[in-house]
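Okay, query_29.cif is below, mmCIF, C-alpha atoms:
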data_upload
loop_
_atom_site.label_atom_id
_atom_site.label_comp_id
_atom_site.auth_asym_id
_atom_site.auth_seq_id
_atom_site.Cartn_x
_atom_site.Cartn_y
_atom_site.Cartn_z
CA MET J 1 16.35 17.05 7.86
CA GLN J 2 16.20 14.69 4.87
CA HIS J 3 17.37 11.80 7.11
CA LYS J 4 14.83 12.45 9.86
CA LYS J 5 12.32 9.59 10.08
CA SER J 6 9.45 11.96 10.86
CA CYS J 7 10.26 14.33 7.99
CA HIS J 8 6.88 13.88 6.28
CA SER J 9 5.08 14.40 9.58
CA ASP J 10 7.10 17.56 10.25
CA VAL J 11 6.19 18.96 6.83
CA ALA J 12 2.48 18.40 7.57
CA ILE J 13 2.84 20.17 10.93
CA LEU J 14 4.62 23.13 9.33
CA ARG J 15 1.86 23.42 6.74
CA TRP J 16 -0.69 23.57 9.57
CA LEU J 17 1.39 26.22 11.35
CA GLN J 18 2.03 28.33 8.25
CA PRO J 19 -1.15 30.48 8.27
CA ARG J 20 -0.75 31.03 12.03
CA LEU J 21 2.90 32.12 11.99
CA THR J 22 3.61 33.41 8.46
CA LEU J 23 5.38 36.82 8.40
CA LYS J 24 5.57 36.86 12.19
CA PRO J 25 9.06 37.85 13.48
CA LEU J 26 10.71 35.25 15.71
CA ARG J 27 10.72 37.64 18.68
CA GLU J 28 6.91 37.78 18.49
CA ILE J 29 6.55 33.99 18.81
CA THR J 30 6.09 34.13 22.55
CA ARG J 31 5.15 31.49 25.07
CA ASP J 32 1.59 32.85 25.21
CA LEU J 33 1.22 32.62 21.43
CA ILE J 34 2.53 29.05 21.42
CA VAL J 35 0.05 28.08 24.16
CA GLN J 36 -2.77 29.67 22.15
CA ILE J 37 -1.82 27.73 19.01
CA ALA J 38 -1.41 24.50 21.01
CA GLU J 39 -4.89 24.87 22.50
CA GLU J 40 -6.29 25.30 18.99
CA LYS J 41 -4.53 22.10 17.96
CA ARG J 42 -5.86 20.24 21.01
CA LYS J 43 -9.47 20.93 20.06
CA ASP J 44 -9.27 18.49 17.16
CA SER J 45 -6.47 16.14 18.19
CA SER J 46 -4.92 14.14 21.02
CA PRO J 47 -2.27 15.35 23.50
CA SER J 48 0.36 13.30 21.65
CA THR J 49 -0.48 14.99 18.32
CA ALA J 50 -0.32 18.43 19.93
CA ASN J 51 2.96 17.47 21.58
CA ARG J 52 4.52 16.59 18.23
CA MET J 53 3.66 20.07 17.04
CA LEU J 54 5.01 21.67 20.22
CA ALA J 55 8.23 19.64 20.09
CA LEU J 56 8.87 20.75 16.51
CA VAL J 57 8.27 24.42 17.37
CA ARG J 58 10.54 24.10 20.41
CA ALA J 59 13.31 22.50 18.35
CA ILE J 60 13.19 25.26 15.73
CA LEU J 61 13.21 28.03 18.34
CA ARG J 62 16.10 26.44 20.22
CA ARG J 63 18.14 26.20 17.04
CA SER J 64 17.29 29.81 16.30
CA GLU J 65 18.83 30.71 19.64
CA ARG J 66 21.71 28.27 20.05
CA GLU J 67 22.90 27.54 16.51
CA TRP J 68 21.73 30.32 14.21
CA ASP J 69 21.92 33.29 16.64
CA TRP J 70 18.55 34.58 15.43
CA LEU J 71 17.08 34.77 18.94
CA GLU J 72 18.56 36.03 22.19
CA LYS J 73 16.48 33.53 24.18
CA SER J 74 13.88 31.01 23.01
CA PRO J 75 10.59 30.84 24.94
CA LEU J 76 9.83 27.97 27.28
CA VAL J 77 7.62 25.39 25.57
CA ARG J 78 5.86 22.92 27.83
CA LEU J 79 4.32 19.72 26.49
CA TYR J 80 0.95 18.30 27.47
CA HIS J 81 0.72 15.36 29.83
CA GLU J 82 0.10 12.19 27.86
CA PRO J 83 -1.89 9.41 29.53
CA THR J 84 -0.35 5.97 29.80
CA ARG J 85 -0.72 4.12 26.52
CA ARG J 86 -3.74 1.90 26.73
CA VAL J 87 -4.25 -1.65 25.57
CA ARG J 88 -7.73 -2.11 24.09
CA TRP J 89 -8.52 -5.44 22.49
CA LEU J 90 -11.53 -7.51 21.47
CA THR J 91 -12.50 -11.00 22.47
CA PRO J 92 -12.94 -13.42 19.57
CA GLU J 93 -16.71 -13.19 20.05
CA GLU J 94 -16.60 -9.38 19.83
CA PHE J 95 -14.34 -9.44 16.78
CA ASN J 96 -16.57 -11.88 14.93
CA ARG J 97 -19.57 -9.72 15.83
CA LEU J 98 -17.79 -6.71 14.33
CA LEU J 99 -16.91 -8.62 11.16
CA ARG J 100 -20.59 -9.32 10.52
CA GLN J 101 -21.27 -5.57 10.50
CA LEU J 102 -18.37 -4.42 8.31
CA PRO J 103 -18.63 -3.90 4.54
CA GLU J 104 -16.70 -6.52 2.59
CA HIS J 105 -13.62 -4.42 1.76
CA GLN J 106 -13.10 -3.42 5.39
CA ARG J 107 -13.93 -6.89 6.66
CA GLU J 108 -11.16 -8.46 4.58
CA ALA J 109 -8.64 -5.81 5.68
CA ALA J 110 -9.63 -6.26 9.33
CA ILE J 111 -9.22 -10.04 9.16
CA PHE J 112 -5.78 -9.59 7.61
CA ALA J 113 -4.81 -7.03 10.26
CA VAL J 114 -5.78 -9.22 13.20
CA SER J 115 -4.12 -12.23 11.53
CA THR J 116 -0.76 -10.49 11.04
CA GLY J 117 -0.54 -7.72 13.64
CA LEU J 118 0.42 -5.24 10.92
CA ARG J 119 -0.25 -1.54 11.39
CA GLN J 120 -3.03 0.16 9.44
CA ALA J 121 -0.74 1.84 6.89
CA ASN J 122 1.08 -1.43 6.17
CA VAL J 123 -2.23 -3.22 5.55
CA MET J 124 -3.91 -0.48 3.54
CA LYS J 125 -0.88 0.20 1.30
CA LEU J 126 0.21 -3.42 0.88
CA GLU J 127 1.23 -4.19 -2.70
CA TRP J 128 1.36 -7.53 -4.49
CA SER J 129 5.09 -7.05 -5.01
CA GLN J 130 5.48 -7.48 -1.24
CA VAL J 131 3.54 -10.76 -1.17
CA ASN J 132 4.99 -14.22 -1.78
CA LEU J 133 2.26 -16.84 -1.68
CA ASP J 134 4.74 -19.61 -2.52
CA SER J 135 6.56 -19.06 0.78
CA ASN J 136 3.49 -17.67 2.58
CA THR J 137 5.24 -14.42 3.54
CA VAL J 138 4.80 -10.67 3.30
CA TRP J 139 7.69 -8.24 3.36
CA ILE J 140 7.38 -4.72 4.78
CA TYR J 141 10.30 -2.55 3.67
CA ALA J 142 12.19 -0.39 6.17
CA ASP J 143 10.92 2.88 4.72
CA GLN J 144 7.35 1.62 5.21
CA ALA J 145 7.86 0.45 8.80
CA LYS J 146 7.45 2.61 11.88
CA GLY J 147 10.61 1.13 13.41
CA GLY J 148 12.66 1.88 10.32
CA ARG J 149 13.67 -1.71 9.64
CA ASP J 150 12.42 -4.48 7.36
CA ILE J 151 9.63 -6.69 8.69
CA HIS J 152 9.24 -10.31 7.61
CA VAL J 153 5.69 -11.55 8.19
CA SER J 154 4.89 -15.26 8.25
CA LEU J 155 1.32 -15.73 7.11
CA ASN J 156 -1.19 -18.05 8.75
CA GLU J 157 -3.92 -19.82 6.80
CA THR J 158 -6.47 -17.10 7.56
CA ALA J 159 -4.24 -14.35 6.14
CA ILE J 160 -3.42 -16.46 3.08
CA ALA J 161 -7.14 -17.01 2.43
CA VAL J 162 -7.72 -13.25 2.54
CA LEU J 163 -4.95 -12.67 -0.02
CA ARG J 164 -6.32 -15.31 -2.35
CA ARG J 165 -9.75 -13.65 -2.22
CA GLN J 166 -8.13 -10.34 -3.16
CA GLN J 167 -6.29 -11.68 -6.19
CA GLY J 168 -7.36 -10.14 -9.49
CA LYS J 169 -9.03 -7.08 -7.95
CA HIS J 170 -6.15 -4.69 -8.65
CA SER J 171 -2.86 -4.89 -10.52
CA SER J 172 -0.66 -3.52 -7.73
CA ARG J 173 -2.57 -2.97 -4.49
CA VAL J 174 -3.96 -5.79 -2.35
CA PHE J 175 -6.85 -4.03 -0.61
CA THR J 176 -9.28 -2.01 -2.67
CA TYR J 177 -12.76 -0.52 -2.61
CA ASP J 178 -14.85 -0.48 -5.77
CA GLY J 179 -11.77 -1.39 -7.80
CA LYS J 180 -9.61 1.41 -6.39
CA PRO J 181 -7.02 1.43 -3.56
CA PHE J 182 -8.16 2.94 -0.26
CA ASP J 183 -5.73 4.22 2.35
CA ARG J 184 -7.94 4.95 5.35
CA ALA J 185 -9.86 2.39 7.34
CA SER J 186 -11.33 4.61 10.08
CA THR J 187 -14.23 5.80 7.95
CA GLN J 188 -17.86 6.48 8.81
CA GLY J 189 -18.58 2.93 7.66
CA TRP J 190 -16.13 1.65 10.27
CA MET J 191 -17.66 3.79 13.02
CA LYS J 192 -21.19 2.73 12.13
CA ALA J 193 -20.17 -0.95 12.13
CA LEU J 194 -18.70 -0.55 15.62
CA LYS J 195 -21.93 1.01 16.83
CA ARG J 196 -24.09 -1.73 15.30
CA ALA J 197 -21.82 -4.35 16.90
CA GLY J 198 -22.13 -2.65 20.31
CA ILE J 199 -18.38 -2.01 20.56
CA GLU J 200 -17.17 1.24 22.14
CA ASN J 201 -13.81 2.96 22.52
CA PHE J 202 -12.14 0.93 19.77
CA ARG J 203 -9.81 2.17 17.02
CA TRP J 204 -8.46 0.39 13.97
CA HIS J 205 -5.00 0.32 15.59
CA ASP J 206 -6.52 -1.74 18.41
CA LEU J 207 -6.70 -4.67 15.99
CA ARG J 208 -2.91 -4.85 16.48
CA HIS J 209 -3.46 -4.96 20.25
CA THR J 210 -6.06 -7.67 19.69
CA TRP J 211 -3.58 -9.76 17.69
CA ALA J 212 -0.88 -9.46 20.38
CA SER J 213 -3.37 -10.09 23.20
CA TRP J 214 -4.68 -13.29 21.62
CA LEU J 215 -1.11 -14.54 21.15
CA ALA J 216 -0.21 -13.77 24.77
CA GLN J 217 -3.36 -15.48 26.04
CA SER J 218 -2.45 -18.56 23.98
CA GLY J 219 0.95 -18.81 25.65
CA VAL J 220 3.16 -17.36 22.90
CA PRO J 221 6.33 -16.03 24.63
CA LEU J 222 6.58 -12.26 24.81
CA ASN J 223 9.96 -12.22 23.05
CA ASP J 224 8.36 -14.04 20.09
CA ILE J 225 5.49 -11.53 20.05
CA GLN J 226 8.07 -8.72 20.07
CA GLU J 227 9.86 -10.18 17.07
CA MET J 228 6.66 -10.93 15.17
CA GLY J 229 5.26 -7.45 15.82
CA ALA J 230 8.59 -5.70 15.11
CA TRP J 231 8.54 -3.80 18.39
CA GLU J 232 11.89 -2.17 19.11
CA THR J 233 12.00 -2.86 22.85
CA ALA J 234 10.69 -5.52 25.22
CA ALA J 235 9.05 -2.79 27.29
CA MET J 236 6.57 -2.21 24.47
CA VAL J 237 5.43 -5.82 24.70
CA ARG J 238 5.34 -6.18 28.48
CA ARG J 239 1.94 -4.47 28.51
CA TYR J 240 0.55 -7.82 27.29
CA ALA J 241 2.26 -9.86 30.03
CA HIS J 242 -0.73 -9.72 32.39
CA LEU J 243 -2.80 -11.59 29.80
CA SER J 244 -0.70 -14.72 30.26
CA PRO J 245 -0.25 -14.87 34.05
CA ALA J 246 0.75 -18.53 34.01
CA HIS J 247 3.39 -18.28 31.30
CA LEU J 248 6.26 -18.52 33.84
CA SER J 249 4.64 -20.98 36.25
CA HIS J 250 6.75 -23.88 34.94
CA ARG J 251 9.84 -21.81 35.67
CA ALA J 252 8.66 -21.10 39.21
CA ARG J 253 8.21 -24.84 39.86
CA VAL J 254 11.96 -25.38 39.47
CA ILE J 255 12.30 -24.34 43.13
CA ASP J 256 9.96 -27.14 44.23
CA GLY J 257 12.65 -29.79 43.91
CA LEU J 258 15.41 -27.82 45.55
CA ILE J 259 14.09 -27.31 49.07
CA ASP J 260 14.06 -30.32 51.41
CA ILE J 261 11.15 -29.86 53.80
CA ASP J 262 10.22 -32.41 56.41
CA THR J 263 6.47 -31.94 56.42
CA ASN J 264 6.10 -33.78 59.72
CA LEU J 265 8.63 -31.45 61.33
CA ALA J 266 7.00 -28.43 59.78
CA HIS J 267 3.69 -29.33 61.44
CA SER J 268 5.22 -30.38 64.77
CA PRO J 269 3.89 -28.53 67.84
CA ASN J 270 7.54 -27.90 68.79
CA ALA J 271 8.28 -26.16 65.52
CA ALA J 272 9.26 -22.55 65.88
CA SER J 273 6.35 -20.21 65.42
CA ILE J 274 6.39 -16.79 63.87
CA SER J 275 4.49 -14.09 65.65
CA PRO J 276 2.19 -12.05 63.47
#
As a first step, turn the structure in this file into structure tokens.
Amino acid sequence: MQHKKSCHSDVAILRWLQPRLTLKPLREITRDLIVQIAEEKRKDSSPSTANRMLALVRAILRRSEREWDWLEKSPLVRLYHEPTRRVRWLTPEEFNRLLRQLPEHQREAAIFAVSTGLRQANVMKLEWSQVNLDSNTVWIYADQAKGGRDIHVSLNETAIAVLRRQQGKHSSRVFTYDGKPFDRASTQGWMKALKRAGIENFRWHDLRHTWASWLAQSGVPLNDIQEMGAWETAAMVRRYAHLSPAHLSHRARVIDGLIDIDTNLAHSPNAASISP
């Protein structure tokens, strides 16, 4: 368990489950009880969050049956259907409109997020020890990264300007509020700013989608976006492909010089016709 990447998440789930299952014998953890607990979880969370809880319960019950011989048969645990992962992004005009409504500490963090593509936790918990302004880079360590590997971030001028404005505000953390580090960006202040800016159905994580979408629209190759965003597979980046529909047009034109067509013959009345 100590090597499991989601260990901290599993501990939080078990804490949530504790008052609901404490002192209950394994044989009494039935399918109906699991469904009841899952529905309670779904009231305040997404299908994916409920599914993480269900998957953990299922794994424990299966081990109880198959490895530990504590159960004769584990109950069937079905997961919720999860909708296809969406891509929600802002136009530059919308983003600038949002910036004008955000308080300063969130505005600076948002600019940095959309300039680097970093996830919320990596922005909020960024420390000065990870920043090198001489080489204009930021380093996200493997144990801080969702993919479990180091991320090297090359900073653009906008991101560098944000960092320089943050210098001197805190000895270790980059982004602070009232002189103290803050770890959560999706606050009431964030929600109110979205409302004032007239922006709906937008989460902080969508700033990462915005960053990738702007790059794709500007013609940055998807494999470069994958590397810059530290996505593990190309499939995760292909959702941005439709934003740059012409990015392979120069490849398609290779065929133009390979087919010898006599245009006069092609338009000749004797040319073979194809029936519809």
Within 12 Å of stretch 141-157 of chain J, which residues of stretch 14-115 of chain J come that close, and what is the closest atom pair and distance in Å for each? Count only C-alpha atoms and give it as JSON lines.
{"residue": "J:Ile111", "atom": "CA", "partner": "J:Asn156", "partner_atom": "CA", "distance": 11.3}
{"residue": "J:Phe112", "atom": "CA", "partner": "J:Leu155", "partner_atom": "CA", "distance": 9.4}
{"residue": "J:Ala113", "atom": "CA", "partner": "J:Leu155", "partner_atom": "CA", "distance": 11.1}
{"residue": "J:Val114", "atom": "CA", "partner": "J:Asn156", "partner_atom": "CA", "distance": 10.9}
{"residue": "J:Ser115", "atom": "CA", "partner": "J:Asn156", "partner_atom": "CA", "distance": 7.1}
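With the shown file loaded, the PyMOL selection byres ((chain J and resi 204) around 8) picks out Gln120, Ala185, Ser186, Phe202, Arg203, His205, Asp206 and Leu207 of chain J.
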Looking at all atoms listed in the file, which of J:Ile160, J:Ile140, J:Leu14, J:Val174 is the one that sits closest to J:Met124?
J:Val174
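With only C-alpha atoms as the atoms that count, the residue of J:Arg31, J:Arg15, J:Arg20, J:Arg184 with the shortest distance to J:Asn122 is J:Arg184.
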When the PyMOL selection byres ((chain J and resi 170) around 12) is applied to the structure above, which residues does it catch, written out as a ChimeraX atom specification?
/J:126-128,163,165-169,171-182
Could those selected residues go to a file with C-alpha atoms, as a PDB file, in the frame of the given file?
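Dumped to result32.pdb:
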ATOM      1  CA  LEU J 126       0.210  -3.420   0.880  1.00  0.00           C
ATOM      2  CA  GLU J 127       1.230  -4.190  -2.700  1.00  0.00           C
ATOM      3  CA  TRP J 128       1.360  -7.530  -4.490  1.00  0.00           C
ATOM      4  CA  LEU J 163      -4.950 -12.670  -0.020  1.00  0.00           C
ATOM      5  CA  ARG J 165      -9.750 -13.650  -2.220  1.00  0.00           C
ATOM      6  CA  GLN J 166      -8.130 -10.340  -3.160  1.00  0.00           C
ATOM      7  CA  GLN J 167      -6.290 -11.680  -6.190  1.00  0.00           C
ATOM      8  CA  GLY J 168      -7.360 -10.140  -9.490  1.00  0.00           C
ATOM      9  CA  LYS J 169      -9.030  -7.080  -7.950  1.00  0.00           C
ATOM     10  CA  SER J 171      -2.860  -4.890 -10.520  1.00  0.00           C
ATOM     11  CA  SER J 172      -0.660  -3.520  -7.730  1.00  0.00           C
ATOM     12  CA  ARG J 173      -2.570  -2.970  -4.490  1.00  0.00           C
ATOM     13  CA  VAL J 174      -3.960  -5.790  -2.350  1.00  0.00           C
ATOM     14  CA  PHE J 175      -6.850  -4.030  -0.610  1.00  0.00           C
ATOM     15  CA  THR J 176      -9.280  -2.010  -2.670  1.00  0.00           C
ATOM     16  CA  TYR J 177     -12.760  -0.520  -2.610  1.00  0.00           C
ATOM     17  CA  ASP J 178     -14.850  -0.480  -5.770  1.00  0.00           C
ATOM     18  CA  GLY J 179     -11.770  -1.390  -7.800  1.00  0.00           C
ATOM     19  CA  LYS J 180      -9.610   1.410  -6.390  1.00  0.00           C
ATOM     20  CA  PRO J 181      -7.020   1.430  -3.560  1.00  0.00           C
ATOM     21  CA  PHE J 182      -8.160   2.940  -0.260  1.00  0.00           C
TER      22      PHE J 182
END
Ranking J:Arg86, J:Trp214, J:Asn132, J:Leu98 by minimum distance to J:Lys195 and counting all atoms listed in the file, which one comes first?
J:Leu98
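With only C-alpha atoms as the basis for measurement, J:Val77 is the residue among J:Ser46, J:Glu72, J:Asp10, J:Val77 that approaches J:Thr30 most closely.
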Exactly which residues make up the result of the PyMOL selection byres ((chain J and resi 26) around 12) on this file, given as a VMD selection string?
chain J and resid 21 to 25 27 to 31 33 to 34 57 60 to 65 69 to 75
Spatial neighbours of J:Val237, max dist 10 Å, only C-alpha atoms, sep filter under 5 positions, as an mmCIF file with C-alpha atoms, keeping the file's coordinate frame:
data_model
loop_
_atom_site.group_PDB
_atom_site.id
_atom_site.type_symbol
_atom_site.label_atom_id
_atom_site.label_comp_id
_atom_site.auth_asym_id
_atom_site.auth_seq_id
_atom_site.Cartn_x
_atom_site.Cartn_y
_atom_site.Cartn_z
ATOM 1 C CA HIS J 209 -3.460 -4.960 20.250
ATOM 2 C CA ALA J 212 -0.880 -9.460 20.380
ATOM 3 C CA SER J 213 -3.370 -10.090 23.200
ATOM 4 C CA ALA J 216 -0.210 -13.770 24.770
ATOM 5 C CA LEU J 222 6.580 -12.260 24.810
ATOM 6 C CA ASN J 223 9.960 -12.220 23.050
ATOM 7 C CA ASP J 224 8.360 -14.040 20.090
ATOM 8 C CA ILE J 225 5.490 -11.530 20.050
ATOM 9 C CA GLN J 226 8.070 -8.720 20.070
ATOM 10 C CA GLU J 227 9.860 -10.180 17.070
ATOM 11 C CA GLY J 229 5.260 -7.450 15.820
ATOM 12 C CA TRP J 231 8.540 -3.800 18.390
ATOM 13 C CA GLU J 232 11.890 -2.170 19.110
#
